[in-house]
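> See entry.txt below, with compact mmCIF, C-alpha atoms.
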# COMPACT_ATOMS: atom_id res chain seq x y z
CA MET P 233 71.42 181.85 99.58
CA LEU P 234 72.67 180.06 102.70
CA TRP P 235 72.52 176.75 100.85
CA THR P 236 74.62 178.13 97.99
CA ILE P 237 77.27 179.42 100.40
CA THR P 238 77.43 176.12 102.25
CA CYS P 239 77.81 174.18 98.99
CA ARG P 240 80.56 176.51 97.80
CA ARG P 241 82.42 176.13 101.11
CA LEU P 242 82.12 172.36 101.00
CA ARG P 243 83.48 172.26 97.45
CA ARG P 244 86.47 174.41 98.38
CA ASP P 245 87.18 172.61 101.66
CA ARG P 246 89.92 170.03 101.12
CA ARG P 247 90.19 168.84 104.72
CA GLY P 248 89.59 165.11 105.25
CA ILE P 249 90.05 164.11 101.60
CA SER P 250 93.29 162.23 102.23
CA ASN P 251 91.53 160.20 104.95
CA VAL P 252 88.80 159.26 102.53
CA ILE P 253 91.38 158.19 99.91
CA VAL P 254 93.30 156.10 102.48
CA VAL P 255 90.12 154.35 103.62
CA ALA P 256 89.06 153.68 100.01
CA LEU P 257 92.46 152.24 99.06
CA SER P 258 92.59 150.12 102.23
CA LEU P 259 89.13 148.78 101.43
CA VAL P 260 90.27 147.86 97.93
CA ILE P 261 93.24 145.93 99.34
CA ILE P 262 91.14 144.16 101.98
CA VAL P 263 88.49 143.19 99.42
CA ALA P 264 91.21 141.92 97.07
CA ILE P 265 92.74 139.73 99.80
CA ALA P 266 89.39 138.42 101.01
CA SER P 267 88.03 137.62 97.55
CA ASN P 268 91.27 135.91 96.56
CA ILE P 269 91.20 133.66 99.61
CA VAL P 270 87.47 132.95 99.32
CA PHE P 271 87.73 131.94 95.63
CA TRP P 272 90.76 129.69 96.25
CA ASN P 273 89.08 128.13 99.26
CA TYR P 274 85.98 127.50 97.14
CA GLU P 275 88.11 125.78 94.49
CA MET P 276 89.81 123.52 97.03
CA THR P 277 86.48 122.70 98.73
CA GLN P 278 85.13 121.75 95.30
CA LEU P 279 88.13 119.45 94.83
CA ASP P 280 87.53 117.75 98.20
CA TRP P 281 83.82 117.45 97.49
CA GLU P 282 84.53 115.77 94.14
CA LYS P 283 86.93 113.39 95.87
CA MET P 284 84.23 112.42 98.37
CA LYS P 285 81.71 111.81 95.57
CA GLU P 286 84.04 109.42 93.75
CA SER P 287 83.36 105.71 94.06
CA VAL P 288 85.22 103.13 92.03
CA THR P 289 85.64 99.38 92.54
CA ILE P 290 87.67 96.62 90.94
CA THR P 291 85.12 93.93 90.16
CA LYS P 292 87.28 91.37 88.37
CA VAL P 293 90.95 90.59 87.81
CA GLU P 294 91.79 87.68 85.54
CA ASN P 295 94.57 86.11 83.56
CA VAL P 296 93.86 86.15 79.83
CA THR P 297 95.71 84.50 76.94
CA SER P 298 98.23 87.30 76.82
CA GLY P 299 98.71 89.18 80.07
CA SER P 300 95.83 90.09 82.37
CA GLN P 301 92.57 91.93 82.33
CA PHE P 302 91.10 94.24 84.97
CA THR P 303 87.47 95.30 85.27
CA PHE P 304 86.65 98.63 86.91
CA GLN P 305 83.21 99.84 87.89
CA ASN P 306 82.36 103.46 88.58
CA ASN P 307 79.52 103.69 91.11
CA GLY P 308 79.81 107.41 91.63
CA GLY P 309 78.29 110.37 89.88
CA LEU P 310 81.51 111.73 88.40
CA THR P 311 83.83 110.45 85.70
CA VAL P 312 86.85 108.76 87.25
CA HIS P 313 90.38 109.06 85.92
CA LEU P 314 92.53 106.10 86.98
CA VAL P 315 96.20 107.01 87.03
CA SER P 316 97.98 104.30 88.97
CA LEU P 317 97.81 100.50 89.12
CA TRP P 318 99.55 98.35 91.73
CA ILE P 319 100.15 94.61 91.77
CA ILE P 320 101.24 93.70 95.28
CA ASN P 321 102.34 90.41 96.77
CA SER P 322 104.65 89.40 99.59
CA ALA P 323 107.73 89.68 97.35
CA ASN P 324 107.06 92.73 95.25
CA HIS P 325 105.08 95.97 95.02
CA GLN P 326 104.87 96.70 91.29
CA HIS P 327 103.59 100.06 90.13
CA TYR P 328 102.23 100.88 86.65
CA ASP P 329 101.18 104.27 85.32
CA ILE P 330 97.79 103.99 83.61
CA ASN P 331 95.44 106.41 81.92
CA VAL P 332 91.89 105.06 82.08
CA PHE P 333 88.67 107.08 82.21
CA VAL P 334 85.53 105.40 83.53
CA ASN P 335 82.27 107.29 83.10
CA SER P 336 79.61 107.44 85.77
CA ALA P 337 77.77 104.09 86.16
CA GLU P 338 80.07 102.49 83.57
CA THR P 339 81.99 99.22 83.80
CA LYS P 340 85.22 99.11 81.85
CA THR P 341 87.62 96.28 81.12
CA TYR P 342 91.29 97.14 80.89
CA PRO P 343 93.57 94.54 79.31
CA ARG P 344 97.34 94.69 79.80
CA ASN P 345 99.66 92.47 77.80
CA ASP P 346 102.71 93.34 79.87
CA ILE P 347 101.26 92.43 83.29
CA ASN P 348 101.27 88.86 84.52
CA LEU P 349 99.49 88.23 87.80
CA PRO P 350 101.72 86.68 90.47
CA THR P 351 101.09 83.20 91.81
CA GLY P 352 99.67 82.93 95.32
CA ASN P 353 97.90 85.72 97.14
CA TYR P 354 98.06 89.16 95.63
CA THR P 355 96.40 92.55 95.90
CA VAL P 356 95.49 94.84 93.03
CA LYS P 357 95.09 98.51 93.78
CA VAL P 358 94.07 101.41 91.55
CA VAL P 359 94.40 105.08 92.42
CA THR P 360 92.34 107.88 90.91
CA GLU P 361 93.60 111.31 89.94
CA ARG P 362 91.61 112.83 92.82
CA GLY P 363 93.38 110.54 95.30
CA ASN P 364 90.90 107.72 95.99
CA THR P 365 91.88 104.06 96.03
CA ALA P 366 90.13 100.80 95.12
CA VAL P 367 91.53 97.46 96.24
CA TYR P 368 91.00 93.89 95.05
CA SER P 369 92.36 90.77 96.69
CA GLY P 370 92.93 87.66 94.61
CA SER P 371 94.87 84.41 94.54
CA MET S 75 108.15 183.92 77.87
CA ARG S 76 111.40 185.17 79.43
CA LYS S 77 109.46 186.23 82.52
CA LEU S 78 107.91 182.80 82.80
CA LEU S 79 111.29 181.07 82.51
CA ARG S 80 112.81 183.29 85.19
CA SER S 81 109.87 183.02 87.59
CA ARG S 82 110.46 180.56 90.41
CA ARG S 83 107.05 180.95 91.97
CA GLY S 84 105.01 177.75 92.19
CA VAL S 85 108.02 175.43 91.88
CA THR S 86 107.84 174.23 95.49
CA PRO S 87 104.19 173.09 95.29
CA VAL S 88 104.94 171.22 92.05
CA LEU S 89 107.93 169.47 93.62
CA GLY S 90 105.87 168.75 96.72
CA SER S 91 103.07 167.20 94.69
CA LEU S 92 105.56 165.17 92.68
CA LEU S 93 107.22 163.86 95.82
CA MET S 94 103.86 163.02 97.37
CA THR S 95 102.89 161.12 94.20
CA VAL S 96 106.13 159.14 94.30
CA ILE S 97 105.61 158.33 97.99
CA ALA S 98 101.98 157.32 97.38
CA VAL S 99 102.94 155.05 94.45
CA ALA S 100 105.75 153.47 96.50
CA GLY S 101 103.38 152.92 99.43
CA MET S 102 100.78 151.29 97.20
CA SER S 103 103.43 149.08 95.60
CA ILE S 104 104.55 147.89 99.04
CA ALA S 105 100.94 147.28 100.07
CA ILE S 106 100.19 145.31 96.87
CA THR S 107 103.39 143.25 97.22
CA ALA S 108 102.53 142.47 100.85
CA THR S 109 99.02 141.45 99.77
CA TYR S 110 100.47 139.16 97.11
CA VAL S 111 102.94 137.56 99.54
CA ILE S 112 100.28 136.97 102.22
CA THR S 113 97.68 135.52 99.85
CA ASP S 114 100.26 133.45 98.00
CA GLY S 115 101.33 131.77 101.25
CA LEU S 116 97.71 131.06 102.17
CA HIS S 117 97.04 129.74 98.65
CA ASP S 118 99.90 127.31 98.92
CA ASN S 119 98.84 126.12 102.37
CA MET S 120 95.25 125.56 101.28
CA GLY S 121 96.21 123.94 97.97
CA GLU S 122 98.37 121.13 99.33
CA ARG S 123 96.97 117.60 98.98
CA LEU S 124 99.07 114.48 99.39
CA ILE S 125 98.20 110.79 99.43
CA VAL S 126 100.17 107.69 100.33
CA GLU S 127 99.49 105.20 97.56
CA ASP S 128 101.47 102.31 98.97
CA VAL S 129 103.67 101.37 101.89
CA TRP S 130 106.26 98.65 101.38
CA PHE S 131 108.03 97.06 104.34
CA ALA S 132 111.33 95.97 102.77
CA PRO S 133 114.21 94.56 104.86
CA ASP S 134 115.38 97.28 107.29
CA GLN S 135 113.53 100.01 105.46
CA VAL S 136 110.02 101.31 104.89
CA SER S 137 109.16 102.79 101.50
CA MET S 138 106.13 104.96 100.87
CA TYR S 139 104.82 105.85 97.45
CA LEU S 140 103.50 109.41 97.58
CA ARG S 141 101.36 111.25 95.04
CA ASN S 142 100.77 114.96 94.91
CA VAL S 143 97.05 115.45 94.16
CA GLY S 144 96.99 119.12 95.15
CA LYS S 145 97.38 122.38 93.29
CA VAL S 146 100.92 123.23 94.36
CA SER S 147 104.27 121.45 94.52
CA ILE S 148 105.18 119.80 97.82
CA GLU S 149 108.38 119.06 99.66
CA VAL S 150 108.58 116.44 102.39
CA ALA S 151 110.06 118.01 105.52
CA ALA S 152 109.78 115.21 108.08
CA VAL S 153 108.79 111.58 108.46
CA TYR S 154 107.80 110.05 111.79
CA VAL S 155 107.45 106.33 112.47
CA ASN S 156 105.70 105.71 115.79
CA ARG S 157 106.24 109.39 116.65
CA THR S 158 110.00 109.16 116.19
CA ASP S 159 111.69 111.42 113.66
CA GLN S 160 113.39 109.42 110.88
CA SER S 161 116.00 110.31 108.30
CA PHE S 162 114.79 109.92 104.73
CA THR S 163 115.72 110.53 101.11
CA PRO S 164 114.66 114.10 100.23
CA LEU S 165 111.56 114.21 98.06
CA GLU S 166 109.97 117.08 96.18
CA LEU S 167 106.88 116.46 94.06
CA GLU S 168 105.45 118.81 91.47
CA GLN S 169 101.72 118.89 90.82
CA ASN S 170 100.40 115.42 89.75
CA LYS S 171 103.83 113.84 90.26
CA HIS S 172 104.59 110.78 92.39
CA GLY S 173 107.55 108.93 93.80
CA TRP S 174 109.06 106.73 96.50
CA LEU S 175 110.00 108.05 99.90
CA THR S 176 112.35 105.66 101.67
CA VAL S 177 113.03 105.56 105.40
CA ASP S 178 115.70 103.34 106.95
CA TYR S 179 113.88 101.60 109.78
CA GLY S 180 114.25 98.22 111.46
CA TRP S 181 110.66 97.03 111.73
CA SER S 182 109.21 93.91 113.36
CA VAL S 183 106.89 91.45 111.69
CA ASP S 184 103.13 91.63 112.17
CA SER S 185 103.15 94.98 113.95
CA ALA S 186 101.23 98.21 113.46
CA TYR S 187 103.21 101.34 112.73
CA GLU S 188 101.97 104.89 112.81
CA ILE S 189 103.62 106.66 109.88
CA LYS S 190 103.34 110.42 109.60
CA VAL S 191 104.54 112.48 106.65
CA VAL S 192 104.86 116.23 107.13
CA THR S 193 105.38 118.70 104.29
CA ARG S 194 107.37 121.94 104.43
CA ARG S 195 104.13 123.96 104.58
CA GLY S 196 102.83 121.88 107.48
CA THR S 197 100.39 119.47 105.82
CA ILE S 198 100.27 116.20 107.75
CA VAL S 199 99.34 112.79 106.34
CA VAL S 200 99.19 110.12 109.02
CA ASP S 201 97.92 106.53 109.08
CA TYR S 202 98.57 103.10 110.59
CA TYR S 203 100.17 100.38 108.50
CA MET S 204 100.67 96.72 109.33
CA SER S 205 104.00 95.10 108.63
CA PRO S 206 103.83 91.70 106.88
CA SER S 207 103.89 88.53 108.94
Represent the structure of the file as structure tokens.


Amino acid sequence: MLWTITCRRLRRDRRGISNVIVVALSLVIIVAIASNIVFWNYEMTQLDWEKMKESVTITKVENVTSGSQFTFQNNGGLTVHLVSLWIINSANHQHYDINVFVNSAETKTYPRNDINLPTGNYTVKVVTERGNTAVYSGS
Amino acid sequence: MRKLLRSRRGVTPVLGSLLMTVIAVAGMSIAITATYVITDGLHDNMGERLIVEDVWFAPDQVSMYLRNVGKVSIEVAAVYVNRTDQSFTPLELEQNKHGWLTVDYGWSVDSAYEIKVVTRRGTIVVDYYMSPS
């Protein structure tokens, strides 16, 4: 009997409900903010981790019958996307947009008819999409 | 039916509830907008990545080739050479875009220069570069 009366009173009593709703809504907002930041942070950490895992080298740069040929070696565990090629000497810093994918543990040759290597000392530089650089010095 | 139409009892609680609903919805909208603004700013700060591909010491100027490797667009806000603020050509790079940033600077041969690039959101890329001999 007492239990029934208490239950009925509790059901009818509306005091404190607004507080509960406010706390619940605030929790929803806080969880939304926190999860958003955590997921984005995770994504960026993944990006940085992938950048650290990347390892690419330029093993050979040579003049061929028409233009020049570059050899890239991927020593890392991830596929590398090369996006930028530089031919640098004391007189000029020439930039070329490239689009070369090198799989993990693969060596790839990349011929270019339109690039002639400069005479004297020069530096060849490639940049990956993740922001790493490989450099080769030749003469 | 006529009695119901004439009766004014219960109108105030209905209006009160309606007003409270409007206020609650407005409050939630403000809270959600504030959440979006705060997280969006943090997103942008965390998503900025910038690299300097090349630095070219040309006569009386230093040119830097920048590439945006982050998740958001960037705008260069300041360039410092040896901790001195320099004027530069404005540069804004969308995601995966790249371009030259030129600073007028009278450099000396065979010297090391600390070059610092600062974006509008506060990301700093700093390194030492040797001028040619």

> Fewer than 2 positions away in the same chain doesn't count, so skip those; otherwise give me all residues within 12 Å of Thr339 of chain P, counting all atoms listed in the file, as a PDB file with C-alpha atoms, in the coordinates of the input.


ATOM      1  CA  VAL P 288      85.220 103.130  92.030  1.00  0.00           C
ATOM      2  CA  THR P 289      85.640  99.380  92.540  1.00  0.00           C
ATOM      3  CA  ILE P 290      87.670  96.620  90.940  1.00  0.00           C
ATOM      4  CA  THR P 291      85.120  93.930  90.160  1.00  0.00           C
ATOM      5  CA  LYS P 292      87.280  91.370  88.370  1.00  0.00           C
ATOM      6  CA  PHE P 302      91.100  94.240  84.970  1.00  0.00           C
ATOM      7  CA  THR P 303      87.470  95.300  85.270  1.00  0.00           C
ATOM      8  CA  PHE P 304      86.650  98.630  86.910  1.00  0.00           C
ATOM      9  CA  GLN P 305      83.210  99.840  87.890  1.00  0.00           C
ATOM     10  CA  ASN P 306      82.360 103.460  88.580  1.00  0.00           C
ATOM     11  CA  ASN P 307      79.520 103.690  91.110  1.00  0.00           C
ATOM     12  CA  GLY P 308      79.810 107.410  91.630  1.00  0.00           C
ATOM     13  CA  THR P 311      83.830 110.450  85.700  1.00  0.00           C
ATOM     14  CA  VAL P 312      86.850 108.760  87.250  1.00  0.00           C
ATOM     15  CA  VAL P 332      91.890 105.060  82.080  1.00  0.00           C
ATOM     16  CA  PHE P 333      88.670 107.080  82.210  1.00  0.00           C
ATOM     17  CA  VAL P 334      85.530 105.400  83.530  1.00  0.00           C
ATOM     18  CA  ASN P 335      82.270 107.290  83.100  1.00  0.00           C
ATOM     19  CA  SER P 336      79.610 107.440  85.770  1.00  0.00           C
ATOM     20  CA  ALA P 337      77.770 104.090  86.160  1.00  0.00           C
ATOM     21  CA  THR P 341      87.620  96.280  81.120  1.00  0.00           C
ATOM     22  CA  TYR P 342      91.290  97.140  80.890  1.00  0.00           C
TER      23      TYR P 342
END

> Would you mind listing, as an MDAnalysis selection string, all residues of chain S that have at least one atom within 10 Å of chain P, where all atoms listed in the file are what counts?

chainID S and resid 102 105:106 109:110 112:114 116:118 120:132 139 141:145 170 172 206:207

> With all atoms listed in the file as the counted atoms, please give the residues lying no more than 12 Å from Ser205 of chain S, apart from itself and same-chain residues fewer than 4 positions off, as a list in words.

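Listing them by chain and then by number gives Ser322 of chain P; Val129, Trp130, Phe131, Ala132, Pro133, Asp134, Gln135, Val136, Ser137, Tyr179, Gly180, Trp181, Ser182, Val183, Asp184, Ser185, Ala186, Tyr187, Glu188 and Ile189 of chain S.
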
> Those selected residues, please, written with C-alpha atoms and delivered as a PDB file, keeping the file's coordinate frame.


ATOM      1  CA  SER P 322     104.650  89.400  99.590  1.00  0.00           C
TER       2      SER P 322
ATOM      3  CA  VAL S 129     103.670 101.370 101.890  1.00  0.00           C
ATOM      4  CA  TRP S 130     106.260  98.650 101.380  1.00  0.00           C
ATOM      5  CA  PHE S 131     108.030  97.060 104.340  1.00  0.00           C
ATOM      6  CA  ALA S 132     111.330  95.970 102.770  1.00  0.00           C
ATOM      7  CA  PRO S 133     114.210  94.560 104.860  1.00  0.00           C
ATOM      8  CA  ASP S 134     115.380  97.280 107.290  1.00  0.00           C
ATOM      9  CA  GLN S 135     113.530 100.010 105.460  1.00  0.00           C
ATOM     10  CA  VAL S 136     110.020 101.310 104.890  1.00  0.00           C
ATOM     11  CA  SER S 137     109.160 102.790 101.500  1.00  0.00           C
ATOM     12  CA  TYR S 179     113.880 101.600 109.780  1.00  0.00           C
ATOM     13  CA  GLY S 180     114.250  98.220 111.460  1.00  0.00           C
ATOM     14  CA  TRP S 181     110.660  97.030 111.730  1.00  0.00           C
ATOM     15  CA  SER S 182     109.210  93.910 113.360  1.00  0.00           C
ATOM     16  CA  VAL S 183     106.890  91.450 111.690  1.00  0.00           C
ATOM     17  CA  ASP S 184     103.130  91.630 112.170  1.00  0.00           C
ATOM     18  CA  SER S 185     103.150  94.980 113.950  1.00  0.00           C
ATOM     19  CA  ALA S 186     101.230  98.210 113.460  1.00  0.00           C
ATOM     20  CA  TYR S 187     103.210 101.340 112.730  1.00  0.00           C
ATOM     21  CA  GLU S 188     101.970 104.890 112.810  1.00  0.00           C
ATOM     22  CA  ILE S 189     103.620 106.660 109.880  1.00  0.00           C
TER      23      ILE S 189
END

> Do you know which residues are at most 7 Å from Val192 of chain S counting only C-alpha atoms, after dropping those on the same chain fewer than 6 positions away, and could you put them as a PyMOL selection string?

chain S and resi 150-153+198-199

> Atom CA of Ala108 of chain S to atom CA of Ala256 of chain P: how many Å, to one decimal?

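So the answer is 17.5 Å.
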
> Measuring atom to atom with all atoms listed in the file, identify which of S:Ile148, S:Ala100, S:Leu165, S:Met138 is nearest to Arg195 of chain S.

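Residue with the minimum atom-to-atom distance to Arg195 of chain S: S:Ile148.
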
> May I ask for the distance between atom CA of Ser300 of chain P and atom CA of Leu349 of chain P, given in Å to one decimal place?

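Between atom CA of Ser300 of chain P and atom CA of Leu349 of chain P the gap is 6.8 Å.
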
> Rounded to one decimal in Å, what is the spacing between atom CA of Trp281 of chain P and atom CA of Leu167 of chain S?

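Computing it gives 23.3 Å between the two atoms.
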
> Segment 90-107 of chain S from the block above, N, CA and C atoms, as a CSV table (one decimal), in the first residue's frame, please?


chain,number,residue,atom,x,y,z
S,90,GLY,N,2.0,29.7,-22.8
S,90,GLY,CA,3.2,29.5,-22.0
S,90,GLY,C,4.1,28.4,-22.5
S,91,SER,N,3.4,27.2,-22.8
S,91,SER,CA,4.1,26.1,-23.3
S,91,SER,C,4.8,26.4,-24.7
S,92,LEU,N,4.0,27.0,-25.5
S,92,LEU,CA,4.5,27.4,-26.8
S,92,LEU,C,5.7,28.3,-26.8
S,93,LEU,N,5.6,29.3,-25.9
S,93,LEU,CA,6.7,30.2,-25.7
S,93,LEU,C,8.0,29.5,-25.2
S,94,MET,N,7.7,28.6,-24.2
S,94,MET,CA,8.8,27.8,-23.7
S,94,MET,C,9.5,26.9,-24.7
S,95,THR,N,8.7,26.4,-25.6
S,95,THR,CA,9.2,25.5,-26.7
S,95,THR,C,10.1,26.4,-27.6
S,96,VAL,N,9.5,27.6,-28.0
S,96,VAL,CA,10.3,28.4,-28.9
S,96,VAL,C,11.6,28.8,-28.2
S,97,ILE,N,11.6,29.2,-26.9
S,97,ILE,CA,12.8,29.5,-26.2
S,97,ILE,C,13.8,28.4,-26.2
S,98,ALA,N,13.3,27.2,-25.9
S,98,ALA,CA,14.1,26.0,-25.8
S,98,ALA,C,14.8,25.7,-27.2
S,99,VAL,N,14.0,25.8,-28.2
S,99,VAL,CA,14.5,25.5,-29.6
S,99,VAL,C,15.6,26.6,-29.9
S,100,ALA,N,15.3,27.8,-29.6
S,100,ALA,CA,16.3,28.9,-29.9
S,100,ALA,C,17.6,28.6,-29.1
S,101,GLY,N,17.4,28.3,-27.8
S,101,GLY,CA,18.6,28.0,-27.0
S,101,GLY,C,19.4,26.9,-27.5
S,102,MET,N,18.8,25.8,-28.0
S,102,MET,CA,19.5,24.6,-28.5
S,102,MET,C,20.2,25.0,-29.8
S,103,SER,N,19.5,25.9,-30.6
S,103,SER,CA,20.1,26.3,-31.9
S,103,SER,C,21.4,27.1,-31.6
S,104,ILE,N,21.3,28.0,-30.6
S,104,ILE,CA,22.5,28.7,-30.3
S,104,ILE,C,23.7,27.8,-29.8
S,105,ALA,N,23.3,26.9,-28.9
S,105,ALA,CA,24.3,25.9,-28.4
S,105,ALA,C,24.9,25.1,-29.5
S,106,ILE,N,24.1,24.6,-30.5
S,106,ILE,CA,24.6,23.8,-31.6
S,106,ILE,C,25.5,24.7,-32.5
S,107,THR,N,25.1,25.9,-32.7
S,107,THR,CA,25.9,26.8,-33.6
S,107,THR,C,27.3,27.1,-32.9
